[in-house]
Structure formats: C-alpha cells, structure tokens
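Undergrad: Okay, so here is entry.csv, and as you'll see once you scroll down, it has CSV, C-alpha atoms.
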chain,number,residue,atom,x,y,z
A,1,MET,CA,101.7,96.3,110.8
A,2,SER,CA,98.2,96.5,109.4
A,3,TYR,CA,96.3,99.5,108.4
A,4,GLY,CA,93.0,97.7,108.8
A,5,SER,CA,92.3,99.6,112.0
A,6,PHE,CA,92.6,102.9,110.1
A,7,VAL,CA,89.9,102.1,107.7
A,8,ASN,CA,87.3,104.6,107.7
A,9,LYS,CA,84.1,103.2,106.3
A,10,SER,CA,83.0,106.6,105.2
A,11,LEU,CA,86.1,107.1,103.0
A,12,CYS,CA,85.3,107.5,99.4
A,13,SER,CA,81.7,107.0,100.0
A,14,ALA,CA,79.9,107.6,96.7
A,15,ALA,CA,77.4,110.3,96.0
A,16,MET,CA,74.5,107.9,96.6
A,17,SER,CA,72.0,110.7,96.3
A,18,ASN,CA,72.7,111.1,92.6
A,19,LYS,CA,69.6,111.6,90.5
A,20,SER,CA,68.8,108.7,88.2
A,21,THR,CA,66.4,108.2,85.4
A,22,PRO,CA,64.5,105.0,85.0
A,23,GLU,CA,65.9,104.3,81.6
A,24,ALA,CA,69.5,104.4,82.7
A,25,GLN,CA,69.7,101.0,84.3
A,26,GLU,CA,72.9,99.1,85.0
A,27,SER,CA,73.4,95.5,86.2
A,28,PHE,CA,74.4,95.0,89.8
A,29,GLY,CA,74.9,91.3,90.0
A,30,PHE,CA,71.6,89.9,88.7
A,31,ARG,CA,69.6,93.0,89.9
A,32,LYS,CA,69.0,96.0,87.7
A,33,VAL,CA,69.9,99.3,89.5
A,34,PRO,CA,69.9,102.9,88.3
A,35,LYS,CA,73.1,103.6,86.5
A,36,ALA,CA,74.0,106.4,88.9
A,37,GLU,CA,73.8,104.1,91.9
A,38,LYS,CA,76.0,101.3,90.6
A,39,ALA,CA,79.4,102.9,91.7
A,40,GLY,CA,78.1,103.5,95.2
A,41,LEU,CA,76.7,99.9,95.6
A,42,VAL,CA,80.0,98.4,94.3
A,43,LYS,CA,81.9,100.6,96.7
A,44,GLU,CA,79.7,99.4,99.6
A,45,VAL,CA,80.6,95.8,98.6
A,46,PHE,CA,84.3,96.5,98.7
A,47,ASP,CA,84.1,98.6,101.8
A,48,LYS,CA,82.7,95.5,103.5
A,49,VAL,CA,85.1,92.9,102.2
A,50,ALA,CA,88.3,95.1,102.1
A,51,ASP,CA,90.1,93.6,105.2
A,52,ARG,CA,89.4,90.0,104.1
A,53,TYR,CA,89.8,90.5,100.4
A,54,ASP,CA,93.0,88.6,99.7
A,55,LEU,CA,92.1,85.8,102.1
A,56,MET,CA,88.6,85.4,100.5
A,57,ASN,CA,90.2,85.2,97.0
A,58,ASP,CA,92.4,82.4,98.3
A,59,PHE,CA,89.4,80.5,99.6
A,60,MET,CA,87.3,81.0,96.6
A,61,SER,CA,89.9,80.1,94.0
A,62,PHE,CA,92.0,77.6,95.9
A,63,GLY,CA,94.9,80.1,95.7
A,64,ILE,CA,94.8,80.0,91.9
A,65,HIS,CA,94.2,83.8,91.6
A,66,ARG,CA,97.9,84.2,92.8
A,67,ILE,CA,99.1,82.0,89.9
A,68,TRP,CA,96.9,84.0,87.4
A,69,LYS,CA,98.4,87.2,88.7
A,70,ASP,CA,101.9,85.8,88.3
A,71,MET,CA,101.1,85.0,84.7
A,72,VAL,CA,99.9,88.6,84.2
A,73,ILE,CA,103.2,89.9,85.5
A,74,HIS,CA,105.1,87.5,83.3
A,75,ARG,CA,103.3,88.8,80.3
A,76,ALA,CA,103.7,92.4,81.3
A,77,ASN,CA,107.4,91.8,81.3
A,78,PRO,CA,108.3,94.6,83.8
A,79,GLN,CA,111.5,96.5,83.0
A,80,PRO,CA,113.7,98.8,85.2
A,81,GLY,CA,112.5,102.4,85.2
A,82,GLU,CA,109.0,101.6,83.9
A,83,LEU,CA,105.8,103.0,85.4
A,84,LEU,CA,102.9,100.8,86.1
A,85,VAL,CA,99.4,102.2,86.7
A,86,ASP,CA,97.4,99.4,88.3
A,87,VAL,CA,93.7,100.4,88.1
A,88,ALA,CA,91.4,98.8,90.7
A,89,GLY,CA,94.7,97.9,92.3
A,90,GLY,CA,93.0,97.2,95.6
A,91,THR,CA,95.4,95.7,98.0
A,92,GLY,CA,98.5,96.3,95.8
A,93,ASP,CA,99.5,92.7,95.0
A,94,LEU,CA,100.0,93.2,91.3
A,95,SER,CA,102.0,96.4,91.9
A,96,ARG,CA,104.3,94.6,94.3
A,97,LYS,CA,104.8,91.8,91.9
A,98,PHE,CA,105.5,94.3,89.1
A,99,ILE,CA,108.2,96.1,91.1
A,100,ALA,CA,109.8,92.8,92.3
A,101,ALA,CA,109.9,91.4,88.7
A,102,ALA,CA,111.6,94.6,87.4
A,103,GLU,CA,114.0,94.4,90.3
A,104,LYS,CA,115.2,91.0,89.2
A,105,VAL,CA,116.0,92.4,85.7
A,106,ARG,CA,117.7,95.4,87.4
A,107,LEU,CA,120.1,93.1,89.3
A,108,ARG,CA,121.5,91.8,86.0
A,109,ARG,CA,121.2,94.9,83.8
A,110,GLY,CA,121.0,97.9,86.2
A,111,GLY,CA,118.8,101.0,85.7
A,112,ALA,CA,116.3,102.7,87.9
A,113,PRO,CA,113.8,100.8,90.0
A,114,ALA,CA,110.3,100.4,88.5
A,115,THR,CA,107.5,102.5,89.9
A,116,ALA,CA,103.9,101.3,90.5
A,117,ILE,CA,100.8,103.3,91.4
A,118,ALA,CA,98.0,101.2,92.9
A,119,THR,CA,94.8,103.1,92.0
A,120,ASP,CA,91.4,102.1,93.4
A,121,ILE,CA,88.0,103.8,93.6
A,122,ASN,CA,87.9,102.5,97.1
A,123,ALA,CA,90.2,104.0,99.7
A,124,SER,CA,89.4,101.2,102.2
A,125,MET,CA,91.0,98.7,99.9
A,126,LEU,CA,94.2,100.9,99.5
A,127,LEU,CA,94.5,101.5,103.2
A,128,CYS,CA,94.1,97.8,104.0
A,129,GLY,CA,96.7,97.0,101.3
A,130,ARG,CA,99.4,99.4,102.3
A,131,LYS,CA,102.2,97.9,104.4
A,132,GLU,CA,105.3,99.4,106.1
A,133,GLU,CA,107.7,97.1,104.3
A,134,ASP,CA,106.4,98.0,100.8
A,135,PRO,CA,109.0,99.2,98.2
A,136,LYS,CA,109.6,103.0,98.2
A,137,THR,CA,108.4,103.2,94.6
A,138,LEU,CA,105.0,101.8,95.3
A,139,TYR,CA,102.4,104.6,95.5
A,140,TRP,CA,98.7,104.7,96.4
A,141,ALA,CA,96.0,106.9,95.0
A,142,CYS,CA,92.2,106.8,95.1
A,143,GLY,CA,90.8,107.2,91.6
A,144,ASN,CA,88.0,106.2,89.3
A,145,ALA,CA,88.8,104.1,86.2
A,146,GLU,CA,86.5,106.3,84.2
A,147,GLN,CA,88.3,109.5,85.3
A,148,LEU,CA,91.9,108.7,86.0
A,149,PRO,CA,94.1,111.3,87.7
A,150,PHE,CA,97.0,110.9,85.3
A,151,ALA,CA,98.2,112.9,82.3
A,152,ASP,CA,98.0,111.5,78.8
A,153,ASN,CA,100.8,109.2,77.7
A,154,THR,CA,102.1,108.6,81.3
A,155,ALA,CA,102.2,104.8,81.9
A,156,ASP,CA,104.4,102.2,80.3
A,157,VAL,CA,102.1,99.4,81.5
A,158,LEU,CA,98.5,99.6,82.6
A,159,THR,CA,96.8,96.7,84.3
A,160,ILE,CA,93.4,96.1,85.7
A,161,SER,CA,92.8,92.8,87.5
A,162,PHE,CA,89.3,91.7,88.5
A,163,GLY,CA,88.3,95.3,88.3
A,164,ILE,CA,86.7,96.1,84.9
A,165,ARG,CA,83.7,94.0,85.8
A,166,ASN,CA,82.8,96.4,88.5
A,167,VAL,CA,83.1,99.6,86.4
A,168,THR,CA,79.9,101.2,85.4
A,169,ASP,CA,80.9,102.5,82.0
A,170,LYS,CA,83.4,100.0,80.6
A,171,PRO,CA,84.1,101.6,77.2
A,172,LYS,CA,84.7,105.0,79.0
A,173,ALA,CA,87.1,103.3,81.4
A,174,LEU,CA,88.9,101.6,78.5
A,175,ARG,CA,89.3,104.9,76.6
A,176,ASN,CA,90.6,106.6,79.8
A,177,MET,CA,93.1,103.8,80.4
A,178,LEU,CA,94.3,104.0,76.8
A,179,ARG,CA,94.7,107.8,77.2
A,180,VAL,CA,97.0,107.3,80.2
A,181,LEU,CA,99.1,104.7,78.4
A,182,LYS,CA,102.2,105.9,76.5
A,183,PRO,CA,102.3,105.1,72.8
A,184,GLY,CA,103.7,101.6,72.6
A,185,GLY,CA,102.5,100.9,76.2
A,186,ARG,CA,101.0,97.6,77.2
A,187,PHE,CA,97.5,97.0,78.6
A,188,LEU,CA,96.7,93.9,80.4
A,189,CYS,CA,93.2,93.1,81.8
A,190,LEU,CA,92.6,90.0,83.9
A,191,GLU,CA,89.0,89.2,84.6
A,192,PHE,CA,86.7,86.2,85.2
A,193,SER,CA,85.4,85.0,81.9
A,194,LYS,CA,83.3,82.2,80.3
A,195,PRO,CA,84.5,78.6,80.8
A,196,ILE,CA,85.3,77.1,77.4
A,197,ALA,CA,83.7,73.7,78.1
A,198,ARG,CA,80.6,72.4,79.8
A,199,ALA,CA,82.7,70.0,81.8
A,200,ILE,CA,84.2,73.0,83.5
A,201,GLU,CA,81.1,75.2,83.6
A,202,ILE,CA,78.9,72.8,85.5
A,203,PRO,CA,81.1,72.2,88.6
A,204,TYR,CA,82.2,75.8,88.4
A,205,ASP,CA,78.5,77.0,88.6
A,206,LEU,CA,77.8,74.7,91.5
A,207,TRP,CA,80.9,76.0,93.3
A,208,SER,CA,80.1,79.6,92.5
A,209,PHE,CA,76.4,79.8,93.4
A,210,ASN,CA,76.5,77.4,96.4
A,211,ALA,CA,79.9,77.5,98.0
A,212,ILE,CA,81.2,81.0,97.4
A,213,PRO,CA,78.3,82.9,99.2
A,214,ALA,CA,78.5,80.4,102.0
A,215,ILE,CA,82.3,80.8,102.3
A,216,GLY,CA,81.7,84.6,102.2
A,217,GLU,CA,79.4,84.3,105.2
A,218,LEU,CA,81.8,82.1,107.1
A,219,VAL,CA,85.1,83.9,106.5
A,220,ALA,CA,83.9,87.5,106.0
A,221,GLY,CA,80.5,87.3,107.7
A,222,ASP,CA,79.0,88.7,104.6
A,223,ARG,CA,76.9,86.5,102.2
A,224,ASP,CA,75.4,89.3,100.1
A,225,SER,CA,78.7,90.8,98.9
A,226,TYR,CA,79.9,87.5,97.7
A,227,GLN,CA,76.6,86.7,96.1
A,228,TYR,CA,77.1,90.0,94.2
A,229,LEU,CA,80.6,89.0,93.1
A,230,VAL,CA,79.4,85.7,91.7
A,231,GLU,CA,76.5,87.3,89.8
A,232,SER,CA,78.6,90.1,88.4
A,233,ILE,CA,81.0,87.5,87.0
A,234,ARG,CA,78.2,85.8,85.0
A,235,ASN,CA,77.1,89.2,83.6
A,236,PHE,CA,80.5,90.1,82.3
A,237,PRO,CA,80.9,89.9,78.4
A,238,ASP,CA,82.6,86.7,77.1
A,239,GLN,CA,86.2,86.7,75.8
A,240,GLU,CA,85.4,87.7,72.2
A,241,SER,CA,82.8,90.4,73.2
A,242,PHE,CA,85.3,92.0,75.5
A,243,ALA,CA,88.1,91.9,72.9
A,244,GLU,CA,85.7,93.7,70.5
A,245,MET,CA,84.9,96.3,73.2
A,246,MET,CA,88.7,96.9,73.6
A,247,ARG,CA,89.1,97.3,69.8
A,248,GLN,CA,86.2,99.7,69.7
A,249,SER,CA,87.8,101.7,72.4
A,250,GLY,CA,91.0,102.1,70.4
A,251,PHE,CA,93.3,99.4,71.5
A,252,ALA,CA,95.6,97.8,68.9
A,253,ARG,CA,96.8,94.2,68.7
A,254,VAL,CA,94.1,93.0,71.0
A,255,SER,CA,94.3,89.3,72.0
A,256,TYR,CA,93.4,87.1,74.9
A,257,SER,CA,94.5,83.9,76.7
A,258,ASN,CA,92.2,81.7,78.7
A,259,PHE,CA,93.4,80.8,82.2
A,260,THR,CA,92.1,77.6,83.9
A,261,GLY,CA,89.8,76.7,81.0
A,262,GLY,CA,88.4,80.2,80.6
A,263,ILE,CA,87.3,80.7,84.3
A,264,ALA,CA,89.5,83.8,83.9
A,265,ALA,CA,90.9,85.4,80.7
A,266,LEU,CA,93.8,87.8,80.2
A,267,HIS,CA,93.1,90.4,77.5
A,268,THR,CA,96.0,92.3,76.2
A,269,GLY,CA,96.3,95.3,73.9
A,270,TRP,CA,98.7,98.1,72.8
A,271,LYS,CA,98.5,101.8,72.4
A,272,ALA,CA,99.5,102.4,68.8
B,1,MET,CA,95.5,101.7,117.8
B,2,VAL,CA,98.8,103.1,116.5
B,3,LYS,CA,98.6,106.5,114.9
B,4,ASP,CA,101.2,108.8,113.5
B,5,ALA,CA,101.5,112.1,115.4
B,6,GLU,CA,101.9,114.1,112.2
B,7,PRO,CA,99.8,113.6,109.1
B,8,ARG,CA,101.4,111.4,106.4
B,9,ASN,CA,102.3,113.3,103.3
B,10,PRO,CA,102.1,111.7,99.9
B,11,ASP,CA,105.4,111.0,98.2
B,12,PRO,CA,106.6,114.0,96.1
B,13,LYS,CA,107.2,111.6,93.2
B,14,LEU,CA,103.5,110.6,93.4
B,15,LEU,CA,102.4,114.2,93.4
B,16,GLU,CA,104.5,114.8,90.3
B,17,LEU,CA,102.5,112.0,88.5
B,18,LEU,CA,99.0,113.1,89.6
B,19,VAL,CA,96.9,115.6,87.6
B,20,CYS,CA,93.3,116.8,88.2
B,21,PRO,CA,91.0,113.9,87.0
B,22,VAL,CA,88.5,116.5,85.7
B,23,THR,CA,90.7,118.9,83.7
B,24,HIS,CA,94.0,117.0,83.6
B,25,GLY,CA,95.6,120.2,84.8
B,26,ALA,CA,98.2,120.7,87.4
B,27,LEU,CA,97.6,120.3,91.2
B,28,VAL,CA,99.0,122.2,94.1
B,29,TYR,CA,99.6,120.4,97.4
B,30,ASP,CA,98.3,122.3,100.4
B,31,ARG,CA,100.2,120.7,103.2
B,32,GLU,CA,98.3,122.5,105.9
B,33,LYS,CA,94.8,121.6,104.7
B,34,GLN,CA,96.0,118.2,103.3
B,35,GLU,CA,94.4,118.9,100.0
B,36,LEU,CA,95.4,118.8,96.3
B,37,VAL,CA,94.1,121.9,94.7
B,38,SER,CA,93.0,122.0,91.0
B,39,LYS,CA,92.7,125.7,90.2
B,40,LYS,CA,91.3,125.1,86.8
B,41,ALA,CA,88.5,122.8,88.1
B,42,ARG,CA,88.0,124.9,91.3
B,43,LEU,CA,88.2,121.7,93.3
B,44,ALA,CA,90.3,120.6,96.3
B,45,PHE,CA,90.9,116.9,96.6
B,46,PRO,CA,91.4,115.5,100.1
B,47,VAL,CA,94.5,113.6,101.2
B,48,ARG,CA,93.6,111.0,103.8
B,49,ASP,CA,96.4,109.3,105.8
B,50,GLY,CA,98.8,110.1,102.9
B,51,VAL,CA,96.5,108.7,100.2
B,52,PRO,CA,95.2,111.3,97.7
B,53,ILE,CA,91.5,110.9,97.1
B,54,MET,CA,91.2,111.9,93.4
B,55,LEU,CA,87.5,111.5,93.1
B,56,GLU,CA,85.4,114.4,91.8
B,57,GLU,CA,82.5,113.5,94.2
B,58,GLU,CA,84.9,113.6,97.2
B,59,ALA,CA,86.4,117.0,96.2
B,60,ARG,CA,85.6,120.3,98.0
B,61,PRO,CA,84.4,123.0,95.6
B,62,LEU,CA,86.6,126.1,96.1
B,63,GLU,CA,84.8,129.3,97.1
B,64,ASP,CA,85.7,132.8,95.8
Go through the file and emit its structure as structure tokens.
TA:
Amino acid sequence: MSYGSFVNKSLCSAAMSNKSTPEAQESFGFRKVPKAEKAGLVKEVFDKVADRYDLMNDFMSFGIHRIWKDMVIHRANPQPGELLVDVAGGTGDLSRKFIAAAEKVRLRRGGAPATAIATDINASMLLCGRKEEDPKTLYWACGNAEQLPFADNTADVLTISFGIRNVTDKPKALRNMLRVLKPGGRFLCLEFSKPIARAIEIPYDLWSFNAIPAIGELVAGDRDSYQYLVESIRNFPDQESFAEMMRQSGFARVSYSNFTGGIAALHTGWKA
Amino acid sequence: MVKDAEPRNPDPKLLELLVCPVTHGALVYDREKQELVSKKARLAFPVRDGVPIMLEEEARPLED
C-alpha cells in the first residue's frame, strides 16, 4: 500500500518567518536567498515532488541513479549487525539496499540483521517512502543533517545520497555526520558533480536545462522544482573542492570516484 | 483512504537510538501525547504516524 495519501503538506514545514540579514545569502538554484529561508524553500520543493520522486529520478537519469546507488552500497560493504544512518534518506531506497546486502552476507556467515535509519528533513518524503513490506529493521525519523538526533559514535556507516547539495551549512552537516559515526566508521556521499570532459558536459547541459524542467512539468506537473534541482547541481562544489571540505570537517582518508564521467561522484571518508 | 484506528508507535529499537538533536540528551516517549520529550532542552518533539519529527523548529516548548 502507499502512504502517499497520508502525506500532510504541512508536515515539517520550516519556520519560514525566520529573521534574516541581507549579508547572510545562500544560493537557491541560481537565485540568492536569505540564508534562513533556504531550508524552507528546499523543503517546499521536496514536499511538491515527494510522491513522484523515484519515478522522476528514473526519467531524468534513464534509471542510472539506481546503478549509482548499487555502487554506493557495494562500496559501503554492509555487514550483519551494522547500523546505517542514511541522511536525506528520502524514500528509503539506500536503506533497503543496505539491509538486503547485509542479509546476503548473513545467509553465509550468520549474525544479527543490519539496521538502517532513513533520516530526512522532509517528513513527506519519509511517509511516501515507507511501505508495509519493508524489513523490520528499517526505521524512519525526520531530522536535519546539521542537527542529527543521534548520539556521538553511533553509526557504523553513514550515507548521504543526493542530499548534501540541498543542505544550507554543508561543513556543519559534515561535522555532525562525523560526530554520529563510530571511530572506524565509513562515510559515503553520492552527489551530482562536474563532468570530467566537455564531450559529456555539452549534451548533459542541454539535457539538464531543456529536458529536465520539461519532464518535471509533464510527469510531476511542476517545472519550477526541477528547474531548482538542475540549478542546484551546477552550484555544488566540484570533486576536489568537496573532498577538501570533507578534510576540513575532520574526515580521514578522503577520496572520490567519478560515476558516468563525473555526472555524479562518490566521496568517501573515515572517522579516525 | 485507509487509516489505522490506533496511532502508530515508533519501534522501541528506534527510540533507543534517538537522542535530542539540541542537547544529545535522553528522550522520554509520551505515548498519550505522541511526543518525545527532551527534559534538558525543555522541548517535546511530535511523532506523526509513527515517524518522530526530530526538528527543533517543529518541537513544542515545555511550559512550567
């Protein structure tokens, strides 16, 4: 069954009335908005797209986002008994894959089932993602990446997939995610990145700026949200800049791999 | 629209893993009010359809 009908659009609505100062500007797509408003605006976008989110991702990326996510899980190397915290976990797809992969190991070696917590600032996304047939050890909690509701040294693995781009204060979120990770824990961040060759960049730009907002309008009846998604991808720091931001935030052994010619990149790091 | 007669409760294992996002202190689950209470932060976080909403701006400040 679907929880789509339960979605309450007012859930998790941000404090939009926050005072803001003109100097604290933050990018919202290509627009500049007061820093205090960014979270609310991003939330509005995801409230609107929640029920069509996975479908839209399929249309926009020709289904490739599923392959990227499989690669993230392969690199995460889930083990029985481990706890995953998936930040910006939206519809829970990474959490399900994590539990399923650990379950395969468990069939051979035994141990306890893995646990995953899908955390998202947007309750609509979580309520749309939740399914009756989900594994018993998959949990859902609304939370902000900059202020996670978990104790220090809790998670074996922490993932954030297509989420960090939408976070207002990225270094703060990185420090918070590091805090929640156990020493020796793995951090994996999948995000759109900078194509490594012009031959990829040119058709990719054409697709992004022309096709994606149009598909957004057709499939989800919402051009503006998808226009925001495309613009926010272009504003995100490139591979090396984001790796440096991770190091500055305290991650050890930071590295990255390009997926599909750098359209996406997987950044990984450790908590020392 | 299908709706559960009784409110969904969060899994006890999840409640064990959650802390107050502001103070990182312990939370007490108030089943009646469907709230997770952080005594240290003087905040009550709502639980909606079994999903704890652990956002400071969504929490209810505790009186007295």
Undergrad: Would you pick out the contacts of Val19 in chain B at 10 Å or less, using all atoms listed in the file, so that residues sharing its chain but fewer than 6 positions from it are not included, and give the list as a VMD selection string?
TA: (chain A and resid 148 to 152) or (chain B and resid 25 to 28 36 to 38 54)
Undergrad: Please list as a PyMOL selection string every residue within 10 Å of Arg31 in chain B, counting all atoms listed in the file and excluding residues in the same chain fewer than 4 positions away.
TA: chain B and resi 7-10+35-36+47
Undergrad: Just to be explicit: take each residue in the selection above, keep C-alpha atoms, and write the result as a PDB file, in the frame of the given file.
TA:
ATOM      1  CA  PRO B   7      99.800 113.600 109.100  1.00  0.00           C
ATOM      2  CA  ARG B   8     101.400 111.400 106.400  1.00  0.00           C
ATOM      3  CA  ASN B   9     102.300 113.300 103.300  1.00  0.00           C
ATOM      4  CA  PRO B  10     102.100 111.700  99.900  1.00  0.00           C
ATOM      5  CA  GLU B  35      94.400 118.900 100.000  1.00  0.00           C
ATOM      6  CA  LEU B  36      95.400 118.800  96.300  1.00  0.00           C
ATOM      7  CA  VAL B  47      94.500 113.600 101.200  1.00  0.00           C
TER       8      VAL B  47
END
Undergrad: Could you check the closest approach to chain B for each of A:Asp222, A:Asp205, A:Glu146, A:Glu231 and tell me which residue wins, using all atoms listed in the file?
TA: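 The shortest atom-to-atom distance to chain B comes from A:Glu146.
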Undergrad: Take the point (96.4, 110.3, 84.9) in the file's coordinates, draw a sphere of radius 12 Å around it, and report as an NGL selection string every protein, DNA or RNA residue with an atom inside or on it, counting all atoms listed in the file.
TA: (:A and (83-87 or 117 or 119 or 141-155 or 158 or 176-182)) or (:B and (14-27 or 54))
Undergrad: Find the residues around Pro135 in chain A up to 12 Å (all atoms listed in the file counted), leave out those fewer than 3 positions away in its own chain, and share them as a CSV table (one decimal) with C-alpha atoms, in the coordinates of the input.
TA:
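Contents of around.csv, freshly written:
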chain,number,residue,atom,x,y,z
A,92,GLY,CA,98.5,96.3,95.8
A,93,ASP,CA,99.5,92.7,95.0
A,95,SER,CA,102.0,96.4,91.9
A,96,ARG,CA,104.3,94.6,94.3
A,97,LYS,CA,104.8,91.8,91.9
A,98,PHE,CA,105.5,94.3,89.1
A,99,ILE,CA,108.2,96.1,91.1
A,100,ALA,CA,109.8,92.8,92.3
A,103,GLU,CA,114.0,94.4,90.3
A,113,PRO,CA,113.8,100.8,90.0
A,114,ALA,CA,110.3,100.4,88.5
A,115,THR,CA,107.5,102.5,89.9
A,116,ALA,CA,103.9,101.3,90.5
A,117,ILE,CA,100.8,103.3,91.4
A,130,ARG,CA,99.4,99.4,102.3
A,131,LYS,CA,102.2,97.9,104.4
A,132,GLU,CA,105.3,99.4,106.1
A,138,LEU,CA,105.0,101.8,95.3
A,139,TYR,CA,102.4,104.6,95.5
A,140,TRP,CA,98.7,104.7,96.4
Undergrad: Taking into account all atoms listed in the file, which residue in the set B:Glu63, B:Glu6, B:Glu32, B:Asp11 is nearest to chain A?
TA: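 Closest candidate: B:Asp11.
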Undergrad: Between CA of Lys271 in chain A and CA of Gln79 in chain A, what is the distance in Å, rounded to a tenth?
TA: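 It comes out at 17.6 Å.
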Undergrad: Between B:Lys39, B:Lys13, B:Lys33, B:Arg60, which is the closest to chain A once you count all atoms listed in the file?
TA: B:Lys13
Undergrad: Looking at only C-alpha atoms, which of A:Ile121, A:Ala50, A:Ile160, A:Ala211 is the one that sits closest to Leu94 in chain A?
TA: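 Answer, going by the shortest atom-to-atom distance: A:Ile160.
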Undergrad: Which distance in Å separates CA of Asp51 in chain A and CA of Asp120 in chain A, to one decimal?
TA: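 One can read the CA of Asp51 in chain A to CA of Asp120 in chain A distance as 14.6 Å.
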Undergrad: Find the residue from A:Ala197, A:Val167, A:Leu229, A:Met71 that sits nearest to Ala39 in chain A; use only C-alpha atoms when measuring.
TA: A:Val167
Undergrad: Report, in Å to a single decimal, how far apart CA of Arg253 in chain A and CA of Gly269 in chain A are.
TA: 5.3 Å
Undergrad: Rank A:Asn57, A:Asn258, A:Asn77, A:Thr137 by their smallest atom-to-atom distance to chain B, using all atoms listed in the file, and report the top residue only.
TA: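 Closest residue, counting all atoms listed in the file: A:Thr137.
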Undergrad: Need the neighbours of (76.9, 88.1, 96.1): which residues are at most 12 Å away, counting only C-alpha atoms, as a PyMOL selection string?
TA: chain A and resi 28-31+41-42+45-46+48-49+208-217+222-234
